[in-house]
Amino acid sequence: MQSQFDSGAKDQKANRPLVAEFRAATKRYGTVLAADALSFGIGKGEFLSFLGPSGCGKTTALRMLAGFETPTSGEVYLDGERVTDVPAYRRPVNMVFQHYALFPHMTVAQNISYGLMQHRPRPDRADVARKVDRALDMVRLSGFGPRRIWEMSGGQQQRVALARAIVNEPKVLLLDEPLAALDRKLRREMQIELQTLQRQLGITFVLVTHDQEEALSMSDRICIMRGGRIVQSGSPNALYDQPISRYVADFVGKSNFIDGRLTALSATEGQIETPVGQRFAGRVSGALPLGSKAVLSIRPEQIDLAKSARTGAEAVTVINRIFLGEHTEYLVRHASLGDLLVLVARQAEASAGSFAPGDAGFISWAPETGLILPQD
Amino acid sequence: MQRRLSTWLLLAPAGLWFAVMLVLPLCFVVVFSFGERAAAGGYVPAFTFAQYANLPARAAAFKNTLMLAPLGTILSLLIAYPLAYFLAMQADPKWRTLLLILVIVPFWTSILIRSYAWIFILGGQGLPAVIDWLGFGQVRLINTPFAVLTGIVYGYLPLMVLPVYVSLERLDKRLLEASADLGAPPLRSFLQVTLPLSLPGVATGCMLVFILLMGEFLIPAMLGGGKVFFIGNALVDLFLQSRNWAFGAAVAVTLVVIMLVTVSLYMWLMRRIGGVRDDVALM
């Protein structure tokens, strides 16, 4: 079922052995279906993300992997073993919690050594201390071992939580919205750090997030979730370039959507007709029969905004201009298509001149950059 | 300036109360304790250590208090902790409020009446009669240390349950998930995470119960029947019956000193093991 949604460009690491696998794992809370027959594999050393809005089932999936939730039906496998009913404390996975869940009554070093100290017979203290130091080095907190948790800043606590998990060398590292509490700048830094760390350690990372930028920038593969199901999974590039539905296109990057009906269809090309009779060509993605309701998706950066009309260009009025540094984001209003986002690169704007709210302009895009997608 | 004045005005009632009703009387008691009993009872000014030298005359009261107060505190804790744990961690939130109210309900009736009830339960026609009827022989329960202990544990249990409950309820449950995630089975998670983090509540409950028990008078008077008496009973006797104010004052001062020493020791200990701050340990 899932494989048909595995869109294109199976990355070069796709054939690695599986470290974890869900087989029709379903989780029901009363009448709510939090996970609907989830089936997927996680490759060894892969950086996999679950992306979706709250309530889409991504956290449930992660918690079933951690052992905090037992599937109502279906199976979970870890490293080839069936772990469906195995409690969390016996699973070789570790989690970085959303709000870190660091033990407030312990020092940084005690927090990090907590997992190691649970082994029986008790491990050698010197050995534990060495591993803790190495983990502290890895998250760039050398020397912070004796500190108290409340003496650490948010970003530092985040690193402690990370060190506390990786020191156990888990088969899979689970990250539950780990960067949500950090400010933007710190978040970017941690994204890079997480990626570097994952490559260094070779540990499989599974990230749950509602932040598309986070998922896009770090993952080898992303599973877009909705209503307890995986809607589409693939590499960030594949998801961005070939979303199979409006939902995915909307969740991965920004996009403009033009509603209509599919009026022409060849192998990969199609044409959409809007309610007022305008026709636009585009590539067809996903399963769409002729005549069905469809949506044309155009990424803001694919749209060209010009001062003078060209053939095929549509007249618009500039509503708003947001300067973003390398890009400028324009909100433009079209008589029948409604409001559209246009992203103009700095250089393009420098050569063509900028627009002010109220200015008239003309938008156009290459037909092959438009994607015709199912309505949802 | 305005602000400072209002601060002082707001603090004045409490400060006055504290000075007039606590510090001043305490000074009197200390002064009295170095005095002598007047021939007809009461107090004659003097400076003598005779009253303190006479303390062994009331050794039994000190012994009872210093044994039963800590024992009662520990017993209360042992009974209260599982109950508080159940209320905070396991009970259905729907029922939690009701269960908590049930814990407090006994407070709605005077301890005097509730102690009377215990007199009947532990008296000859009560539990001992049942035990005899079951063929376990004759036992005497009323007017024994056991009766007093039962009474104080019964009376002070809610004071122990509530602070422990609060500390367990406030405990971030995600810490327990983190502990399990890091490989600790449930019992070890309890010992390494839940228990240490509930210590502030335990400390508060123990302090509350212990301090009140050290000054307890009613329960030993009713369930101890003059055989098992506390320092509180000795004080009543000395001030109201024998009218030996000087000796009574010496006993009272000694009690205060003992409390000061135990409480400071206890606070020092809590800080050592739990990193608990003073203010938390006390309240």
# chains A, B, ... in the order shown; residues from 1 in each chain; ligands from 1
call {"tool": "residues_around", "arguments": {"residues": "Val318 (chain A)", "least_positions_apart": "2", "cutoff": "8 Å", "atoms": "only C-alpha atoms", "output": "list in words"}}
result
Val316, Asn320, Arg321, Tyr330, Leu331, Val332, Arg333, Phe355, Ala356, Pro357, Gly358, Asp359, Ala360 and Gly361 of chain A
call {"tool": "select_by_dssp", "arguments": {"residues": "region 27-229 of chain A", "states": "strand (DSSP E)", "output": "ChimeraX atom specification"}}
result
/A:27-29,32-43,47-51,73-78,81-82,93-96,172-176,204-209,221-226,229
call {"tool": "closest_atom_pairs", "arguments": {"of": "chain A", "to": "chain B", "cutoff": "7 Å", "atoms": "only C-alpha atoms", "output": "JSON lines"}}
result
{"residue": "A:Ala88", "atom": "CA", "partner": "B:Asp181", "partner_atom": "CA", "distance": 5.4}
{"residue": "A:Tyr89", "atom": "CA", "partner": "B:Gly183", "partner_atom": "CA", "distance": 3.9}
{"residue": "A:Arg90", "atom": "CA", "partner": "B:Gly183", "partner_atom": "CA", "distance": 6.1}
{"residue": "A:Asn94", "atom": "CA", "partner": "B:Asp181", "partner_atom": "CA", "distance": 5.9}
{"residue": "A:Met95", "atom": "CA", "partner": "B:Asp181", "partner_atom": "CA", "distance": 6.8}
{"residue": "A:Ala101", "atom": "CA", "partner": "B:Leu175", "partner_atom": "CA", "distance": 5.2}
{"residue": "A:Leu102", "atom": "CA", "partner": "B:Leu175", "partner_atom": "CA", "distance": 6.9}
{"residue": "A:Phe103", "atom": "CA", "partner": "B:Leu175", "partner_atom": "CA", "distance": 6.6}
{"residue": "A:His105", "atom": "CA", "partner": "B:Leu197", "partner_atom": "CA", "distance": 6.9}
{"residue": "A:Tyr114", "atom": "CA", "partner": "B:Leu182", "partner_atom": "CA", "distance": 6.9}
{"residue": "A:Gly115", "atom": "CA", "partner": "B:Leu182", "partner_atom": "CA", "distance": 4.5}
{"residue": "A:Gln118", "atom": "CA", "partner": "B:Ala184", "partner_atom": "CA", "distance": 5.8}
call {"tool": "select_by_dssp", "arguments": {"residues": "region 11-217 of chain B", "states": "helix (DSSP H, G or I)", "output": "ChimeraX atom specification"}}
result
/B:11-33,50-53,55-90,93-108,111-122,127-133,145-170,174-181,186-214
call {"tool": "write_last_selection", "arguments": {"atoms": "C-alpha atoms", "output": "short mmCIF file (atom, residue, chain, number, x, y, z; two decimals), in the first residue's frame"}}
result
data_model
loop_
_atom_site.label_atom_id
_atom_site.label_comp_id
_atom_site.auth_asym_id
_atom_site.auth_seq_id
_atom_site.Cartn_x
_atom_site.Cartn_y
_atom_site.Cartn_z
CA LEU B 11 3.13 43.92 57.51
CA ALA B 12 2.25 45.64 60.77
CA PRO B 13 -0.69 43.40 61.85
CA ALA B 14 1.31 40.22 61.35
CA GLY B 15 4.38 41.75 62.96
CA LEU B 16 2.45 43.00 65.96
CA TRP B 17 0.69 39.69 66.36
CA PHE B 18 4.00 37.87 66.16
CA ALA B 19 5.64 40.16 68.72
CA VAL B 20 2.80 40.39 71.21
CA MET B 21 1.40 36.90 71.00
CA LEU B 22 4.55 34.89 70.42
CA VAL B 23 7.84 36.60 71.18
CA LEU B 24 6.68 38.36 74.33
CA PRO B 25 5.01 35.31 75.95
CA LEU B 26 8.02 33.21 75.03
CA CYS B 27 10.23 35.71 76.87
CA PHE B 28 7.98 35.42 79.90
CA VAL B 29 8.19 31.65 79.79
CA VAL B 30 11.97 31.75 79.59
CA VAL B 31 12.13 34.15 82.54
CA PHE B 32 9.64 32.06 84.54
CA SER B 33 11.66 28.93 83.95
CA ALA B 50 16.54 24.13 90.06
CA GLN B 51 13.60 23.70 87.69
CA TYR B 52 15.87 22.40 84.94
CA ALA B 53 17.61 20.10 87.38
CA LEU B 55 13.33 17.83 84.64
CA PRO B 56 13.95 14.07 85.15
CA ALA B 57 10.80 14.11 87.33
CA ARG B 58 8.89 14.40 84.06
CA ALA B 59 11.10 11.99 82.12
CA ALA B 60 8.15 9.75 81.23
CA ALA B 61 6.38 12.56 79.38
CA PHE B 62 9.52 13.37 77.42
CA LYS B 63 10.12 9.72 76.67
CA ASN B 64 6.57 9.17 75.43
CA THR B 65 6.58 12.30 73.29
CA LEU B 66 10.02 11.69 71.81
CA MET B 67 9.11 8.12 70.94
CA LEU B 68 5.50 8.38 69.85
CA ALA B 69 5.80 11.66 67.91
CA PRO B 70 8.49 10.38 65.50
CA LEU B 71 6.86 6.95 65.37
CA GLY B 72 3.48 8.51 64.62
CA THR B 73 5.05 10.67 61.91
CA ILE B 74 6.74 7.71 60.26
CA LEU B 75 3.62 5.56 60.45
CA SER B 76 1.52 8.37 58.97
CA LEU B 77 4.02 8.70 56.13
CA LEU B 78 4.03 4.98 55.43
CA ILE B 79 0.25 4.94 55.22
CA ALA B 80 -0.12 8.31 53.49
CA TYR B 81 2.48 7.84 50.73
CA PRO B 82 0.81 4.92 48.91
CA LEU B 83 -2.55 6.66 49.29
CA ALA B 84 -1.20 9.94 47.91
CA TYR B 85 0.57 8.03 45.14
CA PHE B 86 -2.65 6.33 44.16
CA LEU B 87 -4.57 9.61 44.20
CA ALA B 88 -1.97 11.48 42.16
CA MET B 89 -0.79 8.83 39.72
CA GLN B 90 -3.41 6.15 39.31
CA PRO B 93 -9.13 12.23 37.31
CA LYS B 94 -12.92 12.10 37.37
CA TRP B 95 -12.90 10.64 40.88
CA ARG B 96 -9.78 12.38 42.14
CA THR B 97 -11.51 15.43 43.61
CA LEU B 98 -14.09 13.30 45.36
CA LEU B 99 -11.40 11.04 46.82
CA LEU B 100 -9.43 14.05 47.99
CA ILE B 101 -12.50 15.44 49.70
CA LEU B 102 -12.97 12.07 51.42
CA VAL B 103 -9.45 12.42 52.79
CA ILE B 104 -10.34 15.81 54.27
CA VAL B 105 -13.86 14.95 55.46
CA PRO B 106 -12.75 13.84 58.97
CA PHE B 107 -11.58 17.41 59.57
CA TRP B 108 -15.18 18.55 59.38
CA ILE B 111 -11.07 15.86 66.86
CA LEU B 112 -12.63 15.67 70.34
CA ILE B 113 -15.67 13.81 69.03
CA ARG B 114 -13.57 11.61 66.78
CA SER B 115 -11.33 10.70 69.70
CA TYR B 116 -14.40 9.78 71.74
CA ALA B 117 -15.31 7.40 68.95
CA TRP B 118 -11.91 5.79 69.29
CA ILE B 119 -12.44 5.38 73.04
CA PHE B 120 -15.42 3.20 72.25
CA ILE B 121 -13.69 1.34 69.42
CA LEU B 122 -10.61 0.54 71.49
CA LEU B 127 -12.26 -4.20 69.37
CA PRO B 128 -10.95 -6.19 72.37
CA ALA B 129 -14.40 -7.81 72.74
CA VAL B 130 -14.28 -8.84 69.09
CA ILE B 131 -10.77 -10.22 69.46
CA ASP B 132 -11.85 -12.16 72.53
CA TRP B 133 -14.94 -13.48 70.73
CA PRO B 145 0.77 3.51 73.65
CA PHE B 146 -0.90 1.58 70.84
CA ALA B 147 -4.16 3.45 71.40
CA VAL B 148 -2.40 6.82 71.42
CA LEU B 149 -0.46 5.92 68.27
CA THR B 150 -3.64 4.82 66.52
CA GLY B 151 -5.31 8.06 67.51
CA ILE B 152 -2.55 10.33 66.31
CA VAL B 153 -2.01 8.51 63.02
CA TYR B 154 -5.75 8.65 62.43
CA GLY B 155 -5.95 12.31 63.35
CA TYR B 156 -2.96 13.56 61.40
CA LEU B 157 -3.06 11.38 58.29
CA PRO B 158 -4.72 14.02 56.07
CA LEU B 159 -1.98 16.49 56.96
CA MET B 160 0.51 13.99 55.57
CA VAL B 161 -1.52 12.92 52.54
CA LEU B 162 -2.11 16.40 51.16
CA PRO B 163 1.47 17.72 50.80
CA VAL B 164 2.70 14.38 49.48
CA TYR B 165 -0.19 14.32 47.04
CA VAL B 166 0.60 17.84 45.83
CA SER B 167 4.25 17.03 45.20
CA LEU B 168 3.38 13.84 43.32
CA GLU B 169 0.65 15.54 41.37
CA ARG B 170 3.01 18.30 40.28
CA ARG B 174 7.19 12.84 31.20
CA LEU B 175 10.16 12.33 33.53
CA LEU B 176 8.85 8.83 34.17
CA GLU B 177 8.64 8.21 30.45
CA ALA B 178 12.19 9.49 30.10
CA SER B 179 13.29 7.15 32.87
CA ALA B 180 11.62 4.16 31.21
CA ASP B 181 13.02 5.22 27.86
CA PRO B 186 9.00 0.82 36.96
CA LEU B 187 10.29 0.16 40.48
CA ARG B 188 13.66 1.72 39.72
CA SER B 189 11.97 4.69 38.07
CA PHE B 190 10.04 5.16 41.28
CA LEU B 191 13.14 5.00 43.46
CA GLN B 192 15.29 7.17 41.20
CA VAL B 193 12.80 9.74 39.97
CA THR B 194 9.41 9.76 41.71
CA LEU B 195 10.63 9.33 45.28
CA PRO B 196 13.42 11.95 45.22
CA LEU B 197 11.16 14.46 43.48
CA SER B 198 8.37 13.92 45.99
CA LEU B 199 10.71 14.53 48.94
CA PRO B 200 9.70 18.19 49.32
CA GLY B 201 6.13 17.01 49.92
CA VAL B 202 7.32 14.29 52.26
CA ALA B 203 9.42 16.84 54.14
CA THR B 204 6.51 19.25 54.44
CA GLY B 205 4.14 16.54 55.63
CA CYS B 206 6.61 15.19 58.15
CA MET B 207 7.38 18.65 59.53
CA LEU B 208 3.72 19.52 59.80
CA VAL B 209 2.75 16.29 61.56
CA PHE B 210 5.86 16.10 63.72
CA ILE B 211 5.64 19.66 65.03
CA LEU B 212 1.97 19.26 65.86
CA LEU B 213 2.55 15.86 67.48
CA MET B 214 5.30 17.23 69.72
#
call {"tool": "atom_distance", "arguments": {"atom1": "CA of Thr72 (chain A)", "atom2": "CA of Ser219 (chain A)"}}
result
28.7 Å
call {"tool": "residues_around", "arguments": {"residues": "Asp376 (chain A)", "least_positions_apart": "3", "cutoff": "12 Å", "atoms": "only C-alpha atoms", "output": "ChimeraX atom specification"}}
result
/A:226,231,243-251,257,259,286-288,293-297,372-373
call {"tool": "write_last_selection", "arguments": {"atoms": "C-alpha atoms", "output": "PDB file, in the first residue's frame"}}
result
ATOM      1  CA  ARG A 226      -2.579  12.960   7.780  1.00  0.00           C
ATOM      2  CA  VAL A 231       0.033  10.335   2.635  1.00  0.00           C
ATOM      3  CA  PRO A 243       3.793  16.167  -4.422  1.00  0.00           C
ATOM      4  CA  ILE A 244       0.938  13.780  -5.119  1.00  0.00           C
ATOM      5  CA  SER A 245      -1.782  15.952  -3.627  1.00  0.00           C
ATOM      6  CA  ARG A 246      -2.648  19.479  -2.694  1.00  0.00           C
ATOM      7  CA  TYR A 247      -2.177  18.540   0.990  1.00  0.00           C
ATOM      8  CA  VAL A 248       1.442  17.553   0.427  1.00  0.00           C
ATOM      9  CA  ALA A 249       2.203  20.528  -1.803  1.00  0.00           C
ATOM     10  CA  ASP A 250       0.744  22.802   0.842  1.00  0.00           C
ATOM     11  CA  PHE A 251       2.715  21.188   3.646  1.00  0.00           C
ATOM     12  CA  PHE A 257      -3.370  26.822  -5.761  1.00  0.00           C
ATOM     13  CA  ASP A 259      -8.988  25.365  -8.372  1.00  0.00           C
ATOM     14  CA  GLY A 286      -1.035  11.651  -8.665  1.00  0.00           C
ATOM     15  CA  ALA A 287      -3.992   9.628  -9.868  1.00  0.00           C
ATOM     16  CA  LEU A 288      -6.478  11.939 -11.566  1.00  0.00           C
ATOM     17  CA  LYS A 293     -11.851  18.294  -9.622  1.00  0.00           C
ATOM     18  CA  ALA A 294      -8.206  19.260  -9.537  1.00  0.00           C
ATOM     19  CA  VAL A 295      -5.910  22.003  -8.436  1.00  0.00           C
ATOM     20  CA  LEU A 296      -3.019  23.655 -10.176  1.00  0.00           C
ATOM     21  CA  SER A 297      -0.085  24.241  -7.873  1.00  0.00           C
ATOM     22  CA  ILE A 372      -1.988  19.498 -11.517  1.00  0.00           C
ATOM     23  CA  LEU A 373      -2.928  17.661  -8.320  1.00  0.00           C
TER      24      LEU A 373
END
call {"tool": "residues_around", "arguments": {"residues": "region 336-346 of chain A", "least_positions_apart": "2", "cutoff": "6 Å", "atoms": "only C-alpha atoms", "output": "PDB file with N, CA and C atoms, in the first residue's frame"}}
result
ATOM      1  N   ASN A 256       0.946  28.232  -4.536  1.00  0.00           N
ATOM      2  CA  ASN A 256      -0.308  28.862  -4.936  1.00  0.00           C
ATOM      3  C   ASN A 256      -1.183  27.798  -5.557  1.00  0.00           C
ATOM      4  N   PRO A 300       5.748  29.755  -5.497  1.00  0.00           N
ATOM      5  CA  PRO A 300       5.916  31.210  -5.605  1.00  0.00           C
ATOM      6  C   PRO A 300       7.168  31.598  -6.390  1.00  0.00           C
ATOM      7  N   GLU A 301       8.233  30.788  -6.284  1.00  0.00           N
ATOM      8  CA  GLU A 301       9.465  31.166  -6.963  1.00  0.00           C
ATOM      9  C   GLU A 301       9.425  30.875  -8.466  1.00  0.00           C
ATOM     10  N   ILE A 303       6.930  31.825 -10.324  1.00  0.00           N
ATOM     11  CA  ILE A 303       6.146  32.887 -10.968  1.00  0.00           C
ATOM     12  C   ILE A 303       7.036  34.097 -11.219  1.00  0.00           C
ATOM     13  N   GLU A 326      17.395  37.694   0.803  1.00  0.00           N
ATOM     14  CA  GLU A 326      17.732  37.190  -0.531  1.00  0.00           C
ATOM     15  C   GLU A 326      16.540  37.239  -1.472  1.00  0.00           C
ATOM     16  N   HIS A 327      15.344  37.169  -0.885  1.00  0.00           N
ATOM     17  CA  HIS A 327      14.131  37.187  -1.694  1.00  0.00           C
ATOM     18  C   HIS A 327      13.205  38.297  -1.224  1.00  0.00           C
ATOM     19  N   THR A 328      12.303  38.640  -2.139  1.00  0.00           N
ATOM     20  CA  THR A 328      11.212  39.521  -1.743  1.00  0.00           C
ATOM     21  C   THR A 328       9.923  38.770  -2.030  1.00  0.00           C
ATOM     22  N   GLU A 329       9.031  38.758  -1.045  1.00  0.00           N
ATOM     23  CA  GLU A 329       7.783  38.034  -1.224  1.00  0.00           C
ATOM     24  C   GLU A 329       6.673  39.038  -1.514  1.00  0.00           C
ATOM     25  N   TYR A 330       6.043  38.878  -2.671  1.00  0.00           N
ATOM     26  CA  TYR A 330       4.934  39.755  -3.040  1.00  0.00           C
ATOM     27  C   TYR A 330       3.620  39.007  -2.907  1.00  0.00           C
ATOM     28  N   LEU A 331       2.637  39.710  -2.402  1.00  0.00           N
ATOM     29  CA  LEU A 331       1.283  39.175  -2.457  1.00  0.00           C
ATOM     30  C   LEU A 331       0.580  39.974  -3.545  1.00  0.00           C
ATOM     31  N   VAL A 332       0.107  39.273  -4.578  1.00  0.00           N
ATOM     32  CA  VAL A 332      -0.549  39.981  -5.676  1.00  0.00           C
ATOM     33  C   VAL A 332      -1.986  39.497  -5.812  1.00  0.00           C
ATOM     34  N   ARG A 333      -2.855  40.376  -6.322  1.00  0.00           N
ATOM     35  CA  ARG A 333      -4.270  40.010  -6.466  1.00  0.00           C
ATOM     36  C   ARG A 333      -4.634  39.949  -7.937  1.00  0.00           C
ATOM     37  N   HIS A 334      -5.242  38.823  -8.311  1.00  0.00           N
ATOM     38  CA  HIS A 334      -5.686  38.622  -9.681  1.00  0.00           C
ATOM     39  C   HIS A 334      -7.206  38.660  -9.681  1.00  0.00           C
ATOM     40  N   ALA A 348      16.964  39.398  -9.472  1.00  0.00           N
ATOM     41  CA  ALA A 348      15.897  39.663 -10.439  1.00  0.00           C
ATOM     42  C   ALA A 348      15.229  40.985 -10.117  1.00  0.00           C
ATOM     43  N   GLU A 349      15.003  41.221  -8.820  1.00  0.00           N
ATOM     44  CA  GLU A 349      14.348  42.448  -8.423  1.00  0.00           C
ATOM     45  C   GLU A 349      15.241  43.654  -8.722  1.00  0.00           C
TER      46      GLU A 349
END
call {"tool": "residues_around", "arguments": {"residues": "Asp241 (chain A)", "least_positions_apart": "5", "cutoff": "12 Å", "atoms": "only C-alpha atoms", "output": "list of chain:residue names"}}
result
A:Ser7, A:Gly8, A:Ala9, A:Gly234, A:Ser235, A:Pro236, A:Val248, A:Ala249, A:Asp250, A:Val252, A:Gly253, A:Lys254, A:Ser255, A:Arg283, A:Val284, A:Ser285, A:Ser297, A:Ile298, A:Arg299, A:Gln302, A:Glu368, A:Thr369, A:Gly370, A:Leu371, A:Ile372
call {"tool": "write_last_selection", "arguments": {"atoms": "C-alpha atoms", "output": "PDB file, in the first residue's frame"}}
result
ATOM      1  CA  SER A   7       7.463   8.995  -4.789  1.00  0.00           C
ATOM      2  CA  GLY A   8      10.355   8.792  -7.185  1.00  0.00           C
ATOM      3  CA  ALA A   9      13.986   9.345  -6.487  1.00  0.00           C
ATOM      4  CA  GLY A 234      10.066  10.405  -0.184  1.00  0.00           C
ATOM      5  CA  SER A 235      13.177  12.534  -0.194  1.00  0.00           C
ATOM      6  CA  PRO A 236      12.703  16.245   0.525  1.00  0.00           C
ATOM      7  CA  VAL A 248       1.442  17.553   0.427  1.00  0.00           C
ATOM      8  CA  ALA A 249       2.203  20.528  -1.803  1.00  0.00           C
ATOM      9  CA  ASP A 250       0.744  22.802   0.842  1.00  0.00           C
ATOM     10  CA  VAL A 252       6.051  21.019   1.886  1.00  0.00           C
ATOM     11  CA  GLY A 253       7.021  24.541   0.944  1.00  0.00           C
ATOM     12  CA  LYS A 254       4.653  27.330   0.011  1.00  0.00           C
ATOM     13  CA  SER A 255       2.469  27.098  -3.046  1.00  0.00           C
ATOM     14  CA  ARG A 283       2.232  18.374 -15.381  1.00  0.00           C
ATOM     15  CA  VAL A 284      -0.170  15.900 -13.810  1.00  0.00           C
ATOM     16  CA  SER A 285       0.910  14.267 -10.557  1.00  0.00           C
ATOM     17  CA  SER A 297      -0.085  24.241  -7.873  1.00  0.00           C
ATOM     18  CA  ILE A 298       2.553  26.809  -8.698  1.00  0.00           C
ATOM     19  CA  ARG A 299       5.452  27.485  -6.363  1.00  0.00           C
ATOM     20  CA  GLN A 302       8.263  29.824 -10.324  1.00  0.00           C
ATOM     21  CA  GLU A 368       5.832  22.781 -17.011  1.00  0.00           C
ATOM     22  CA  THR A 369       6.361  24.317 -13.568  1.00  0.00           C
ATOM     23  CA  GLY A 370       2.657  24.035 -12.793  1.00  0.00           C
ATOM     24  CA  LEU A 371       1.542  20.804 -11.154  1.00  0.00           C
ATOM     25  CA  ILE A 372      -1.988  19.498 -11.517  1.00  0.00           C
TER      26      ILE A 372
END
call {"tool": "decode", "arguments": {"residues": "region 163-180 of chain B", "atoms": "N, CA and C atoms", "output": "PDB file, in the first residue's frame"}}
result
ATOM      1  N   PRO B 163       0.211  17.238  51.411  1.00  0.00           N
ATOM      2  CA  PRO B 163       1.466  17.723  50.804  1.00  0.00           C
ATOM      3  C   PRO B 163       2.142  16.682  49.916  1.00  0.00           C
ATOM      4  N   VAL B 164       2.087  15.414  50.317  1.00  0.00           N
ATOM      5  CA  VAL B 164       2.705  14.379  49.479  1.00  0.00           C
ATOM      6  C   VAL B 164       1.947  14.287  48.155  1.00  0.00           C
ATOM      7  N   TYR B 165       0.622  14.352  48.253  1.00  0.00           N
ATOM      8  CA  TYR B 165      -0.195  14.322  47.038  1.00  0.00           C
ATOM      9  C   TYR B 165       0.180  15.465  46.096  1.00  0.00           C
ATOM     10  N   VAL B 166       0.288  16.668  46.666  1.00  0.00           N
ATOM     11  CA  VAL B 166       0.597  17.839  45.833  1.00  0.00           C
ATOM     12  C   VAL B 166       1.932  17.648  45.111  1.00  0.00           C
ATOM     13  N   SER B 167       2.937  17.168  45.839  1.00  0.00           N
ATOM     14  CA  SER B 167       4.254  17.030  45.204  1.00  0.00           C
ATOM     15  C   SER B 167       4.228  15.947  44.129  1.00  0.00           C
ATOM     16  N   LEU B 168       3.454  14.899  44.336  1.00  0.00           N
ATOM     17  CA  LEU B 168       3.375  13.839  43.323  1.00  0.00           C
ATOM     18  C   LEU B 168       2.548  14.295  42.130  1.00  0.00           C
ATOM     19  N   GLU B 169       1.535  15.084  42.432  1.00  0.00           N
ATOM     20  CA  GLU B 169       0.650  15.541  41.367  1.00  0.00           C
ATOM     21  C   GLU B 169       1.391  16.508  40.454  1.00  0.00           C
ATOM     22  N   ARG B 170       2.274  17.297  41.062  1.00  0.00           N
ATOM     23  CA  ARG B 170       3.009  18.296  40.284  1.00  0.00           C
ATOM     24  C   ARG B 170       4.174  17.690  39.514  1.00  0.00           C
ATOM     25  N   LEU B 171       4.512  16.462  39.836  1.00  0.00           N
ATOM     26  CA  LEU B 171       5.649  15.810  39.188  1.00  0.00           C
ATOM     27  C   LEU B 171       5.375  15.654  37.693  1.00  0.00           C
ATOM     28  N   ASP B 172       6.316  16.060  36.891  1.00  0.00           N
ATOM     29  CA  ASP B 172       6.187  15.979  35.443  1.00  0.00           C
ATOM     30  C   ASP B 172       6.225  14.501  35.030  1.00  0.00           C
ATOM     31  N   LYS B 173       5.076  14.002  34.563  1.00  0.00           N
ATOM     32  CA  LYS B 173       4.979  12.569  34.258  1.00  0.00           C
ATOM     33  C   LYS B 173       5.894  12.171  33.095  1.00  0.00           C
ATOM     34  N   ARG B 174       6.291  13.160  32.319  1.00  0.00           N
ATOM     35  CA  ARG B 174       7.189  12.841  31.201  1.00  0.00           C
ATOM     36  C   ARG B 174       8.549  12.372  31.703  1.00  0.00           C
ATOM     37  N   LEU B 175       8.893  12.788  32.944  1.00  0.00           N
ATOM     38  CA  LEU B 175      10.158  12.331  33.525  1.00  0.00           C
ATOM     39  C   LEU B 175      10.141  10.823  33.706  1.00  0.00           C
ATOM     40  N   LEU B 176       8.955  10.283  33.992  1.00  0.00           N
ATOM     41  CA  LEU B 176       8.854   8.833  34.171  1.00  0.00           C
ATOM     42  C   LEU B 176       8.979   8.131  32.826  1.00  0.00           C
ATOM     43  N   GLU B 177       8.454   8.766  31.788  1.00  0.00           N
ATOM     44  CA  GLU B 177       8.641   8.206  30.447  1.00  0.00           C
ATOM     45  C   GLU B 177      10.115   8.249  30.072  1.00  0.00           C
ATOM     46  N   ALA B 178      10.758   9.368  30.399  1.00  0.00           N
ATOM     47  CA  ALA B 178      12.187   9.488  30.096  1.00  0.00           C
ATOM     48  C   ALA B 178      12.960   8.400  30.823  1.00  0.00           C
ATOM     49  N   SER B 179      12.602   8.164  32.074  1.00  0.00           N
ATOM     50  CA  SER B 179      13.293   7.150  32.867  1.00  0.00           C
ATOM     51  C   SER B 179      13.112   5.768  32.243  1.00  0.00           C
ATOM     52  N   ALA B 180      11.879   5.453  31.856  1.00  0.00           N
ATOM     53  CA  ALA B 180      11.616   4.163  31.212  1.00  0.00           C
ATOM     54  C   ALA B 180      12.371   4.082  29.892  1.00  0.00           C
TER      55      ALA B 180
END
